[in-house]
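As provided, run.cif (mmCIF, C-alpha atoms and all ligand atoms) reads as follows.
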data_upload
#
loop_
_atom_site.label_atom_id
_atom_site.label_comp_id
_atom_site.auth_asym_id
_atom_site.auth_seq_id
_atom_site.Cartn_x
_atom_site.Cartn_y
_atom_site.Cartn_z
CA MET A 1 -2.28 7.96 8.07
CA THR A 2 1.11 6.36 8.66
CA THR A 3 2.45 5.50 12.08
CA THR A 4 5.67 3.65 12.82
CA PRO A 5 4.90 0.36 14.54
CA GLN A 6 7.20 -0.67 17.36
CA ILE A 7 9.16 -3.89 17.50
CA PRO A 8 8.27 -5.95 20.61
CA ALA A 9 10.55 -5.41 23.62
CA PRO A 10 10.00 -8.24 26.10
CA ALA A 11 11.99 -8.07 29.36
CA HIS A 12 14.00 -11.22 28.67
CA THR A 13 15.83 -9.70 25.70
CA GLN A 14 17.62 -7.25 28.02
CA ALA A 15 18.31 -9.74 30.83
CA ASP A 16 21.86 -10.92 31.41
CA SER A 17 22.60 -14.63 31.15
CA MET A 18 25.45 -16.95 30.17
CA LEU A 19 23.72 -17.61 26.85
CA SER A 20 23.26 -13.95 25.98
CA ARG A 21 26.89 -13.25 26.88
CA HIS A 22 28.02 -16.02 24.55
CA PHE A 23 25.58 -15.75 21.65
CA GLY A 24 24.47 -12.11 21.92
CA ARG A 25 21.05 -10.76 22.70
CA GLU A 26 17.89 -12.29 21.36
CA THR A 27 16.20 -10.54 18.42
CA VAL A 28 12.42 -10.46 18.58
CA ASN A 29 10.37 -9.78 15.49
CA TYR A 30 7.07 -8.06 14.72
CA PHE A 31 3.99 -10.36 15.16
CA SER A 32 5.85 -12.29 17.92
CA SER A 33 5.96 -11.84 21.71
CA SER A 34 2.23 -11.56 22.37
CA PRO A 35 1.29 -9.82 25.63
CA LEU A 36 -1.21 -12.65 26.26
CA ASN A 37 -0.48 -15.79 28.25
CA ARG A 38 -2.12 -18.43 26.04
CA LEU A 39 -2.91 -20.84 28.93
CA SER A 40 -3.33 -23.51 26.27
CA PHE A 41 -4.19 -26.18 28.87
CA LEU A 42 -7.47 -24.34 29.67
CA ARG A 43 -8.81 -24.55 26.10
CA SER A 44 -10.88 -27.64 26.82
CA GLU A 45 -12.01 -26.51 30.29
CA HIS A 46 -15.53 -25.34 29.48
CA PRO A 47 -16.39 -24.03 32.99
CA PHE A 48 -13.41 -21.66 32.63
CA LEU A 49 -14.36 -20.66 29.08
CA SER A 50 -18.00 -20.09 30.14
CA ALA A 51 -16.87 -17.79 32.95
CA ALA A 52 -14.40 -16.06 30.63
CA LEU A 53 -17.00 -15.48 27.90
CA ARG A 54 -19.20 -13.26 30.07
CA HIS A 55 -16.62 -11.69 32.36
CA PRO A 56 -16.66 -7.85 32.25
CA SER A 57 -12.89 -7.70 31.61
CA THR A 58 -13.11 -10.01 28.57
CA ARG A 59 -12.32 -8.63 25.13
CA PHE A 60 -13.08 -9.89 21.62
CA VAL A 61 -11.01 -9.31 18.48
CA LEU A 62 -13.46 -9.35 15.55
CA LEU A 63 -12.52 -10.51 12.07
CA LYS A 64 -14.62 -10.34 8.91
CA ASP A 65 -13.07 -12.28 6.01
CA LEU A 66 -9.87 -12.03 8.12
CA ALA A 67 -9.95 -8.20 8.14
CA PRO A 68 -9.69 -6.95 11.75
CA LEU A 69 -12.20 -4.54 13.30
CA THR A 70 -10.23 -1.40 14.09
CA LYS A 71 -10.58 2.01 15.69
CA THR A 72 -7.82 3.35 13.42
CA PRO A 73 -5.42 1.55 11.02
CA SER A 74 -2.98 1.31 13.95
CA GLU A 75 -5.33 0.08 16.68
CA LEU A 76 -7.62 -2.93 17.09
CA TYR A 77 -11.13 -2.38 18.42
CA LEU A 78 -11.67 -4.71 21.40
CA ALA A 79 -15.35 -5.60 21.79
CA GLN A 80 -17.14 -6.66 24.97
CA TYR A 81 -19.53 -9.59 25.37
CA ASP A 82 -22.69 -7.45 25.05
CA GLU A 83 -21.52 -6.38 21.60
CA VAL A 84 -21.24 -9.95 20.31
CA ARG A 85 -24.01 -11.79 22.18
CA ASN A 86 -26.15 -11.90 19.00
CA LEU A 87 -23.57 -14.27 17.53
CA VAL A 88 -22.28 -16.01 20.66
CA PRO A 89 -25.08 -17.28 22.94
CA GLU A 90 -24.37 -17.37 26.68
CA ASN A 91 -24.58 -21.18 26.64
CA PHE A 92 -21.81 -21.48 24.02
CA TYR A 93 -19.56 -23.50 26.36
CA ASP A 94 -22.26 -25.07 28.57
CA LYS A 95 -21.78 -28.61 27.25
CA PRO A 96 -18.49 -30.43 27.77
CA GLU A 97 -16.55 -31.17 24.58
CA GLU A 98 -17.48 -34.88 24.67
CA ASP A 99 -21.19 -34.00 24.52
CA MET A 100 -20.66 -31.46 21.75
CA ILE A 101 -19.09 -34.21 19.64
CA LYS A 102 -21.82 -36.73 20.59
CA ASP A 103 -24.67 -34.30 19.79
CA PHE A 104 -23.11 -33.05 16.55
CA ASP A 105 -25.57 -31.72 13.95
CA SER A 106 -23.88 -30.26 10.90
CA ARG A 107 -26.95 -28.12 10.14
CA LYS A 108 -26.40 -26.04 13.29
CA THR A 109 -23.21 -24.15 12.61
CA THR A 110 -21.72 -21.62 15.02
CA ALA A 111 -19.28 -18.77 14.51
CA ASN A 112 -15.62 -19.62 15.07
CA LEU A 113 -14.73 -18.44 18.56
CA ILE A 114 -11.10 -18.82 19.55
CA PHE A 115 -9.67 -18.41 23.05
CA LEU A 116 -6.43 -16.45 22.61
CA GLY A 117 -5.23 -16.17 26.22
CA VAL A 118 -5.24 -13.84 29.18
CA ASP A 119 -3.79 -10.34 29.66
CA GLU A 120 -2.17 -10.82 33.06
CA THR A 121 -1.44 -7.11 33.50
CA ARG A 122 -5.17 -6.78 34.32
CA LYS A 123 -4.95 -8.21 37.85
CA GLN A 124 -7.38 -5.77 39.50
CA ASP A 125 -10.49 -6.27 37.39
CA GLY A 126 -9.55 -9.50 35.60
CA LEU A 127 -11.05 -12.96 35.91
CA ALA A 128 -9.47 -15.10 38.65
CA TRP A 129 -9.37 -18.83 37.81
CA LYS A 130 -7.30 -21.17 39.95
CA ILE A 131 -3.90 -19.45 40.15
CA TYR A 132 -4.38 -17.39 36.95
CA THR A 133 -5.78 -13.85 36.87
CA GLY A 134 -6.26 -11.49 33.96
CA ALA A 135 -8.49 -10.24 31.18
CA PRO A 136 -9.45 -13.09 28.82
CA PHE A 137 -9.14 -12.46 25.07
CA PHE A 138 -11.09 -14.22 22.32
CA ALA A 139 -11.05 -13.94 18.54
CA LEU A 140 -14.44 -14.11 16.84
CA ASP A 141 -15.05 -14.66 13.13
CA VAL A 142 -18.05 -12.46 12.27
CA THR A 143 -18.05 -13.28 8.55
CA PRO A 144 -21.73 -13.92 7.64
CA LYS A 145 -21.75 -17.62 6.74
CA GLY A 146 -23.04 -20.99 7.94
CA CYS A 147 -26.69 -21.56 8.96
CA GLU A 148 -29.31 -18.80 8.82
CA GLU A 149 -29.13 -18.14 12.56
CA GLN A 150 -25.35 -17.69 12.38
CA GLN A 151 -25.63 -15.37 9.38
CA ASN A 152 -28.29 -13.23 11.05
CA GLY A 153 -26.20 -12.98 14.22
CA ALA A 154 -23.09 -12.02 12.26
CA ASN A 155 -24.95 -9.37 10.26
CA ALA A 156 -26.41 -7.89 13.46
CA VAL A 157 -22.93 -7.62 15.03
CA ILE A 158 -21.43 -6.07 11.88
CA SER A 159 -24.24 -3.49 11.53
CA ALA A 160 -23.93 -2.46 15.20
CA MET A 161 -20.15 -2.03 14.87
CA GLU A 162 -20.40 -0.06 11.65
CA ALA A 163 -23.06 2.16 13.25
CA LYS A 164 -20.40 3.09 15.83
CA GLY A 165 -18.16 4.31 13.03
CA LEU A 166 -15.80 1.34 13.28
CA SER A 167 -14.56 -0.52 10.20
CA PHE A 168 -12.88 -3.74 9.19
CA PHE A 169 -9.38 -2.80 8.03
CA GLN A 170 -8.85 -4.04 4.48
CA SER A 171 -5.21 -4.67 3.66
CA ARG A 172 -3.40 -7.60 2.05
CA VAL A 173 -0.86 -7.48 4.88
CA VAL A 174 -1.62 -5.50 8.07
CA MET A 175 1.66 -4.03 9.36
CA SER A 176 0.43 -0.80 10.95
CA PHE A 177 -0.50 -2.06 14.44
CA SER A 178 1.46 -1.54 17.66
CA ALA A 179 3.65 -4.53 18.56
CA ASP A 180 1.07 -5.86 21.06
CA ASP A 181 -1.93 -5.53 18.74
CA ALA A 182 0.08 -7.06 15.88
CA ALA A 183 0.91 -10.19 17.91
CA ILE A 184 -2.72 -10.59 19.05
CA TYR A 185 -4.01 -10.08 15.51
CA ALA A 186 -1.46 -12.57 14.13
CA GLN A 187 -2.73 -15.32 16.45
CA ALA A 188 -6.38 -14.44 15.75
CA ARG A 189 -5.92 -14.29 11.99
CA ALA A 190 -3.91 -17.50 11.67
CA LEU A 191 -6.47 -19.51 13.67
CA ALA A 192 -9.56 -17.96 12.05
CA ASP A 193 -8.08 -18.72 8.63
CA TRP A 194 -7.18 -22.32 9.56
CA ASN A 195 -10.70 -22.98 10.90
CA THR A 196 -12.28 -21.62 7.72
CA ARG A 197 -10.12 -23.86 5.53
CA ASN A 198 -10.90 -26.99 7.57
CA ASN A 199 -14.71 -27.16 7.66
CA TYR A 200 -14.45 -30.64 6.15
CA CYS A 201 -12.41 -33.62 7.30
CA GLY A 202 -9.29 -34.09 5.20
CA THR A 203 -9.73 -37.87 5.30
CA CYS A 204 -13.47 -38.57 4.81
CA GLY A 205 -14.73 -35.22 3.49
CA ASN A 206 -17.55 -34.85 6.08
CA PRO A 207 -18.16 -31.65 8.10
CA THR A 208 -15.88 -31.12 11.13
CA LEU A 209 -16.58 -29.53 14.51
CA SER A 210 -14.47 -26.84 16.17
CA VAL A 211 -13.24 -27.99 19.61
CA ASN A 212 -10.56 -26.93 22.09
CA SER A 213 -11.87 -23.40 21.82
CA GLY A 214 -11.05 -23.02 18.13
CA THR A 215 -7.64 -24.71 18.10
CA LYS A 216 -8.61 -28.23 17.01
CA ARG A 217 -11.25 -29.70 14.75
CA ALA A 218 -12.91 -33.06 15.33
CA CYS A 219 -14.48 -35.47 12.83
CA PRO A 220 -17.55 -36.57 14.90
CA PRO A 221 -18.68 -40.22 14.51
CA THR A 222 -22.36 -39.22 14.17
CA ASP A 223 -24.31 -36.38 12.58
CA ALA A 224 -27.99 -35.70 13.39
CA ALA A 225 -28.37 -34.03 9.98
CA ARG A 226 -28.00 -37.46 8.34
CA VAL A 227 -31.17 -38.78 10.00
CA ALA A 228 -33.22 -35.99 8.40
CA GLU A 229 -31.89 -37.21 5.04
CA GLY A 230 -33.04 -40.78 5.76
CA LYS A 231 -29.51 -42.02 6.49
CA THR A 232 -28.05 -43.66 9.59
CA LEU A 233 -26.96 -41.39 12.45
CA GLU A 234 -23.46 -42.91 12.24
CA ARG A 235 -21.20 -41.52 9.60
CA PRO A 236 -19.03 -43.83 7.48
CA GLY A 237 -15.78 -44.88 9.13
CA CYS A 238 -12.93 -42.42 9.05
CA ASN A 239 -9.25 -43.08 9.72
CA THR A 240 -9.00 -39.94 11.84
CA ARG A 241 -11.35 -41.67 14.31
CA THR A 242 -9.84 -45.13 14.39
CA THR A 243 -6.31 -44.05 15.25
CA LEU A 244 -5.12 -42.30 18.40
CA SER A 245 -6.60 -38.91 17.61
CA ASN A 246 -9.82 -37.79 15.93
CA LEU A 247 -8.58 -34.30 15.51
CA SER A 248 -6.81 -32.07 13.09
CA PHE A 249 -4.48 -29.36 14.32
CA PRO A 250 -3.63 -25.88 13.05
CA ARG A 251 -0.85 -25.69 10.49
CA THR A 252 2.37 -23.74 10.70
CA ASP A 253 4.45 -23.81 7.52
CA PRO A 254 8.16 -23.21 8.12
CA THR A 255 9.94 -20.91 5.70
CA ILE A 256 13.59 -19.92 5.60
CA ILE A 257 14.80 -16.38 5.03
CA VAL A 258 18.49 -15.59 4.88
CA ALA A 259 21.01 -12.76 4.75
CA VAL A 260 24.13 -14.03 2.97
CA VAL A 261 27.61 -12.64 3.73
CA SER A 262 30.54 -12.85 1.29
CA THR A 263 33.77 -14.76 2.03
CA ASP A 264 35.55 -11.55 3.08
CA GLY A 265 32.54 -10.34 5.12
CA LYS A 266 32.39 -7.08 3.15
CA ARG A 267 29.38 -7.70 0.92
CA ILE A 268 25.76 -8.90 1.38
CA LEU A 269 23.79 -10.93 -1.19
CA LEU A 270 20.29 -9.58 -1.87
CA GLY A 271 17.69 -10.35 -4.51
CA ARG A 272 14.57 -8.80 -5.99
CA SER A 273 11.36 -10.16 -7.46
CA LYS A 274 9.43 -8.51 -10.30
CA ARG A 275 6.72 -7.19 -7.98
CA PHE A 276 9.20 -5.05 -5.98
CA PRO A 277 9.41 -1.29 -6.64
CA PRO A 278 12.53 -0.01 -8.47
CA ASN A 279 15.84 -0.30 -6.55
CA TRP A 280 14.17 -2.44 -3.86
CA TYR A 281 16.07 -5.58 -2.77
CA SER A 282 15.60 -8.03 0.09
CA THR A 283 16.87 -11.27 1.58
CA LEU A 284 16.28 -14.61 -0.17
CA ALA A 285 13.48 -16.83 1.14
CA GLY A 286 11.63 -20.08 0.46
CA PHE A 287 9.67 -22.95 1.99
CA ILE A 288 11.38 -25.69 3.94
CA GLU A 289 10.60 -29.01 2.24
CA PRO A 290 9.71 -32.30 3.92
CA ALA A 291 12.76 -34.07 5.36
CA GLU A 292 14.97 -31.00 5.14
CA SER A 293 16.77 -29.24 8.00
CA VAL A 294 16.62 -25.46 8.28
CA GLU A 295 20.29 -25.28 7.27
CA ASP A 296 19.79 -27.59 4.26
CA ALA A 297 16.82 -25.51 3.11
CA VAL A 298 18.86 -22.28 3.35
CA ARG A 299 21.68 -23.77 1.26
CA ARG A 300 19.28 -25.22 -1.33
CA GLU A 301 17.21 -22.02 -1.75
CA VAL A 302 20.25 -19.77 -2.16
CA TRP A 303 21.83 -22.13 -4.69
CA GLU A 304 18.54 -22.57 -6.63
CA GLU A 305 17.68 -18.87 -6.76
CA ALA A 306 21.11 -17.25 -6.99
CA GLY A 307 23.58 -20.04 -7.85
CA VAL A 308 25.66 -19.18 -4.77
CA THR A 309 27.08 -22.05 -2.66
CA LEU A 310 26.97 -21.47 1.10
CA SER A 311 29.02 -22.98 3.88
CA ARG A 312 28.10 -22.15 7.48
CA VAL A 313 24.47 -21.28 8.28
CA ILE A 314 23.35 -20.01 11.68
CA ILE A 315 19.76 -19.55 12.84
CA HIS A 316 19.29 -15.94 13.96
CA SER A 317 15.65 -15.31 14.95
CA SER A 318 12.16 -16.13 13.74
CA GLN A 319 8.94 -14.33 12.84
CA PRO A 320 5.37 -15.62 12.82
CA TRP A 321 3.83 -14.56 9.51
CA PRO A 322 0.05 -15.09 9.55
CA TYR A 323 -0.38 -14.79 5.74
CA PRO A 324 -1.63 -17.43 6.02
CA ALA A 325 0.33 -19.77 8.29
CA ASN A 326 4.06 -19.26 7.99
CA LEU A 327 6.87 -19.22 10.46
CA MET A 328 9.83 -17.37 8.95
CA ILE A 329 13.04 -18.85 10.29
CA GLY A 330 15.72 -16.23 9.82
CA ALA A 331 19.31 -17.23 9.17
CA ILE A 332 22.66 -15.64 8.47
CA ALA A 333 24.93 -17.60 6.15
CA GLN A 334 28.38 -17.18 4.67
CA VAL A 335 30.24 -18.27 1.56
CA SER A 336 33.65 -19.78 2.34
CA ASP A 337 35.28 -19.63 -1.12
CA PRO A 338 35.22 -16.58 -3.47
CA ALA A 339 34.67 -18.98 -6.40
CA HIS A 340 31.29 -19.89 -4.84
CA GLU A 341 30.10 -16.26 -4.91
CA GLU A 342 29.34 -16.16 -8.63
CA ILE A 343 25.65 -15.40 -9.24
CA HIS A 344 23.62 -17.59 -11.58
CA LEU A 345 19.90 -16.84 -11.90
CA LEU A 346 18.87 -19.55 -14.31
CA HIS A 347 18.47 -22.68 -12.12
CA ASP A 348 15.10 -21.49 -10.80
CA PRO A 349 14.12 -18.17 -12.43
CA GLU A 350 12.24 -16.91 -9.37
CA LEU A 351 14.28 -13.73 -8.91
CA GLU A 352 14.48 -10.88 -11.39
CA ASP A 353 17.93 -10.03 -10.06
CA ALA A 354 20.39 -10.92 -7.31
CA LYS A 355 23.42 -8.84 -6.45
CA TRP A 356 26.28 -8.48 -3.97
CA PHE A 357 26.04 -5.11 -2.20
CA ASP A 358 28.89 -3.44 -0.39
CA VAL A 359 28.27 -3.29 3.38
CA LYS A 360 28.63 0.54 3.29
CA GLU A 361 25.84 0.82 0.72
CA VAL A 362 23.61 -1.50 2.75
CA GLU A 363 24.26 0.51 5.94
CA GLU A 364 23.26 3.69 4.13
CA ALA A 365 20.08 2.02 2.82
CA LEU A 366 19.20 0.83 6.35
CA ARG A 367 19.50 4.46 7.47
CA VAL A 368 17.57 6.22 4.68
CA GLY A 369 16.01 3.69 2.30
CA THR A 370 13.65 1.49 4.32
CA SER A 371 9.87 1.55 4.04
CA ALA A 372 6.86 -0.74 3.76
CA LEU A 373 6.36 -2.14 0.25
CA GLY A 374 3.72 0.35 -0.90
CA GLU A 375 5.26 3.39 0.77
CA LYS A 376 7.87 6.00 -0.06
CA ALA A 377 11.40 5.88 1.37
CA GLY A 378 12.43 8.50 3.96
CA ALA A 379 13.16 12.17 3.29
CA GLU A 380 16.94 11.64 3.09
CA TYR A 381 16.68 8.92 0.45
CA LYS A 382 18.32 9.82 -2.88
CA GLU A 383 16.66 8.54 -6.05
CA GLY A 384 18.45 5.46 -7.45
CA GLY A 385 19.82 4.36 -4.08
CA LEU A 386 19.21 0.90 -2.61
CA ARG A 387 15.82 0.41 -0.89
CA LEU A 388 15.16 -2.20 1.79
CA PRO A 389 12.21 -3.63 3.82
CA PRO A 390 11.12 -1.90 7.08
CA PRO A 391 12.14 -3.01 10.62
CA THR A 392 8.82 -4.87 11.03
CA ALA A 393 10.09 -7.39 8.44
CA ILE A 394 12.55 -10.02 9.66
CA ALA A 395 14.51 -9.36 6.43
CA ASN A 396 15.49 -5.96 7.83
CA GLN A 397 16.67 -7.48 11.15
CA LEU A 398 18.72 -10.11 9.30
CA ILE A 399 20.35 -7.54 7.03
CA ARG A 400 21.15 -5.43 10.11
CA ALA A 401 22.76 -8.44 11.80
CA ALA A 402 24.69 -9.40 8.66
CA VAL A 403 26.30 -5.97 8.23
CA ASN A 404 27.38 -6.22 11.89
CA ILE A 405 28.54 -9.81 11.61
CA ASP A 406 31.33 -9.20 14.15
CA SER A 407 28.76 -8.42 16.83
CA LEU A 408 26.70 -11.55 16.17
CA THR A 409 28.48 -13.15 19.06
CA ALA A 410 29.19 -11.28 22.26
CA LYS A 411 32.89 -12.18 21.82
CA GLY A 412 33.11 -9.85 18.83
CA SER A 413 31.19 -7.01 20.46
CA LYS A 414 31.43 -4.65 23.38
CA MET A 415 28.72 -6.50 25.33
ZN ZN A 501 -13.26 -37.83 8.85
#
If you took the structure in this file and wrote it as structure tokens, what would it be?
Amino acid sequence: MTTTPQIPAPAHTQADSMLSRHFGRETVNYFSSSPLNRLSFLRSEHPFLSAALRHPSTRFVLLKDLAPLTKTPSELYLAQYDEVRNLVPENFYDKPEEDMIKDFDSRKTTANLIFLGVDETRKQDGLAWKIYTGAPFFALDVTPKGCEEQQNGANAVISAMEAKGLSFFQSRVVMSFSADDAAIYAQARALADWNTRNNYCGTCGNPTLSVNSGTKRACPPTDAARVAEGKTLERPGCNTRTTLSNLSFPRTDPTIIVAVVSTDGKRILLGRSKRFPPNWYSTLAGFIEPAESVEDAVRREVWEEAGVTLSRVIIHSSQPWPYPANLMIGAIAQVSDPAHEEIHLLHDPELEDAKWFDVKEVEEALRVGTSALGEKAGAEYKEGGLRLPPPTAIANQLIRAAVNIDSLTAKGSKM
């Protein structure tokens, strides 16, 4: 079954302001603009989290090996507390964080539970806490792992869900959700993945403890499990405890992605990798390196992969990409001298091909030749024509902006 996911449409993108008149309207990308208010300052407030856990309006996004529990490939299944209580005891947040760290016992693992935020459209039946009201959302990792009790709880939850005919949606990249579900899943997936990869302290190698409701991990100074092994309760010293913070934080890896416009503004530079289907091209992309600005990274990547020398680079929009922890920073860039447009693929042989495409051809491809990677192009597509990524990919939005370069600023458009 294929459905067309929607791009998010938050109210602010349509609002008038001096900035939007000058720079044009904001582009929002798939996986961004979550409908939840994250209320990040409540993540360590255990009385709030305790109340949220059992509130009837609360919903849980379940992940097994990062695959989301779904009703259909386009819709998340949102579980209620009764459906997960086998894995999340009612007293989960009873102790304050300080005591959880003090009483740490690495033998007693718990499932990763992550507070995602509150759906504030649910004012009527939502949880009221101080001045905030809404339906709390959590992500819960139900992968059977950890201690026996955790594994049994996880297996019980999975069996009950599968008995209801629900399934964990297996896909390398999930792009079939509605805009709201996609943004919620992106946050859940990125944090579940980060927690799984950080079970051990990066400095001393000892087990860590999830705190701040799944958004930080501590390296506790003691571990009751050591006593059972005839060791001291105190763990060996660790630098993460002697400096300001004993925590590690989730990662976000910045990546650049760029649509390049020719000197005369009439052609767009696109490239293809070997894994793309025939005739499929996209924008160039790569990781930002330490001590590099976004603009420097754009210029370096395009020169390394295509041999083209850029001049002006502008940042256009960005897209969270939870596979596993990227933030795609989208740019439009232009070459200022025709001599700098010559393509050379041999510096860094990452691309199979790179080519300048006439704007007319790109416009036609945007109309008839876009699809998700594994899918067929539209009915009007003619074999041999250029194919491009779908609107859920920031590459598509950048290409769209680049072919309309005059309207990038409100001055050049009818706005
Ligand atoms: Zn440590």
Nearest to Val211 in chain A: which of A:Ile101, A:Ala188, A:Val359, A:Ala306 is it, counting all atoms listed in the file?
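Of the candidates, the smallest distance to Val211 in chain A is held by A:Ile101.
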Top pick for closest residue to ligand ZN 501 (chain A), considering A:Tyr200, A:Tyr381, A:Trp356, A:Tyr281 and counting all atoms listed in the file
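Closest candidate: A:Tyr200.
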Within 9 Å of ligand ZN 501 (chain A), counting only C-alpha atoms and all ligand atoms: which residues, as a ChimeraX atom specification?
/A:200-208,218-221,235-241,246-247
Residue contacts of range 383-395 of chain A (9 Å, all atoms listed in the file) excluding same-chain residues fewer than 3 positions away, as JSON, numbers by chain
{"A": [5, 6, 7, 28, 29, 30, 31, 175, 257, 258, 259, 277, 278, 279, 280, 281, 282, 283, 284, 317, 318, 319, 328, 329, 330, 361, 362, 364, 365, 366, 368, 369, 370, 371, 372, 373, 377, 398, 399, 400]}
Taking into account all atoms listed in the file, which residue in the set A:Asp264, A:Glu45, A:Asp253, A:Glu162 is nearest to Ile288 in chain A?
A:Asp253
Because the input lacks atoms here, generate N, CA and C atoms for range 323-345 of chain A and report them as a tab-separated table (two decimals), keeping the file's coordinate frame.
chain	number	residue	atom	x	y	z
A	323	TYR	N	0.16	-14.99	7.11
A	323	TYR	CA	-0.38	-14.79	5.74
A	323	TYR	C	-0.04	-15.96	4.86
A	324	PRO	N	-0.63	-17.17	4.99
A	324	PRO	CA	-1.63	-17.43	6.02
A	324	PRO	C	-1.07	-18.14	7.25
A	325	ALA	N	-0.03	-18.91	7.15
A	325	ALA	CA	0.33	-19.77	8.29
A	325	ALA	C	1.82	-20.04	8.34
A	326	ASN	N	2.62	-19.02	8.08
A	326	ASN	CA	4.06	-19.26	7.99
A	326	ASN	C	4.79	-18.94	9.28
A	327	LEU	N	5.90	-19.62	9.46
A	327	LEU	CA	6.87	-19.22	10.46
A	327	LEU	C	8.16	-18.97	9.70
A	328	MET	N	8.59	-17.71	9.67
A	328	MET	CA	9.83	-17.37	8.95
A	328	MET	C	10.99	-17.64	9.88
A	329	ILE	N	11.87	-18.54	9.47
A	329	ILE	CA	13.04	-18.85	10.29
A	329	ILE	C	14.22	-18.13	9.66
A	330	GLY	N	14.70	-17.11	10.37
A	330	GLY	CA	15.72	-16.23	9.82
A	330	GLY	C	17.12	-16.76	10.08
A	331	ALA	N	17.95	-16.71	9.06
A	331	ALA	CA	19.31	-17.23	9.17
A	331	ALA	C	20.30	-16.21	8.61
A	332	ILE	N	21.55	-16.36	9.08
A	332	ILE	CA	22.66	-15.64	8.47
A	332	ILE	C	23.58	-16.74	7.93
A	333	ALA	N	24.08	-16.56	6.72
A	333	ALA	CA	24.93	-17.60	6.15
A	333	ALA	C	26.12	-16.95	5.47
A	334	GLN	N	27.18	-17.73	5.30
A	334	GLN	CA	28.38	-17.18	4.67
A	334	GLN	C	28.93	-18.13	3.61
A	335	VAL	N	29.54	-17.52	2.60
A	335	VAL	CA	30.24	-18.27	1.56
A	335	VAL	C	31.68	-18.43	2.04
A	336	SER	N	32.30	-19.59	1.82
A	336	SER	CA	33.65	-19.78	2.34
A	336	SER	C	34.73	-19.76	1.26
A	337	ASP	N	34.31	-19.62	-0.01
A	337	ASP	CA	35.28	-19.63	-1.12
A	337	ASP	C	34.81	-18.60	-2.15
A	338	PRO	N	35.65	-17.61	-2.51
A	338	PRO	CA	35.22	-16.58	-3.47
A	338	PRO	C	34.67	-17.18	-4.77
A	339	ALA	N	35.16	-18.35	-5.17
A	339	ALA	CA	34.67	-18.98	-6.40
A	339	ALA	C	33.19	-19.35	-6.28
A	340	HIS	N	32.70	-19.51	-5.05
A	340	HIS	CA	31.29	-19.89	-4.84
A	340	HIS	C	30.35	-18.69	-4.81
A	341	GLU	N	30.92	-17.47	-5.00
A	341	GLU	CA	30.10	-16.26	-4.91
A	341	GLU	C	29.45	-15.88	-6.24
A	342	GLU	N	29.86	-16.55	-7.32
A	342	GLU	CA	29.34	-16.16	-8.63
A	342	GLU	C	27.83	-16.38	-8.71
A	343	ILE	N	27.12	-15.33	-9.19
A	343	ILE	CA	25.65	-15.40	-9.24
A	343	ILE	C	25.18	-16.02	-10.55
A	344	HIS	N	24.20	-16.92	-10.42
A	344	HIS	CA	23.62	-17.59	-11.58
A	344	HIS	C	22.12	-17.66	-11.33
A	345	LEU	N	21.34	-16.95	-12.18
A	345	LEU	CA	19.90	-16.84	-11.90
A	345	LEU	C	19.05	-17.86	-12.64
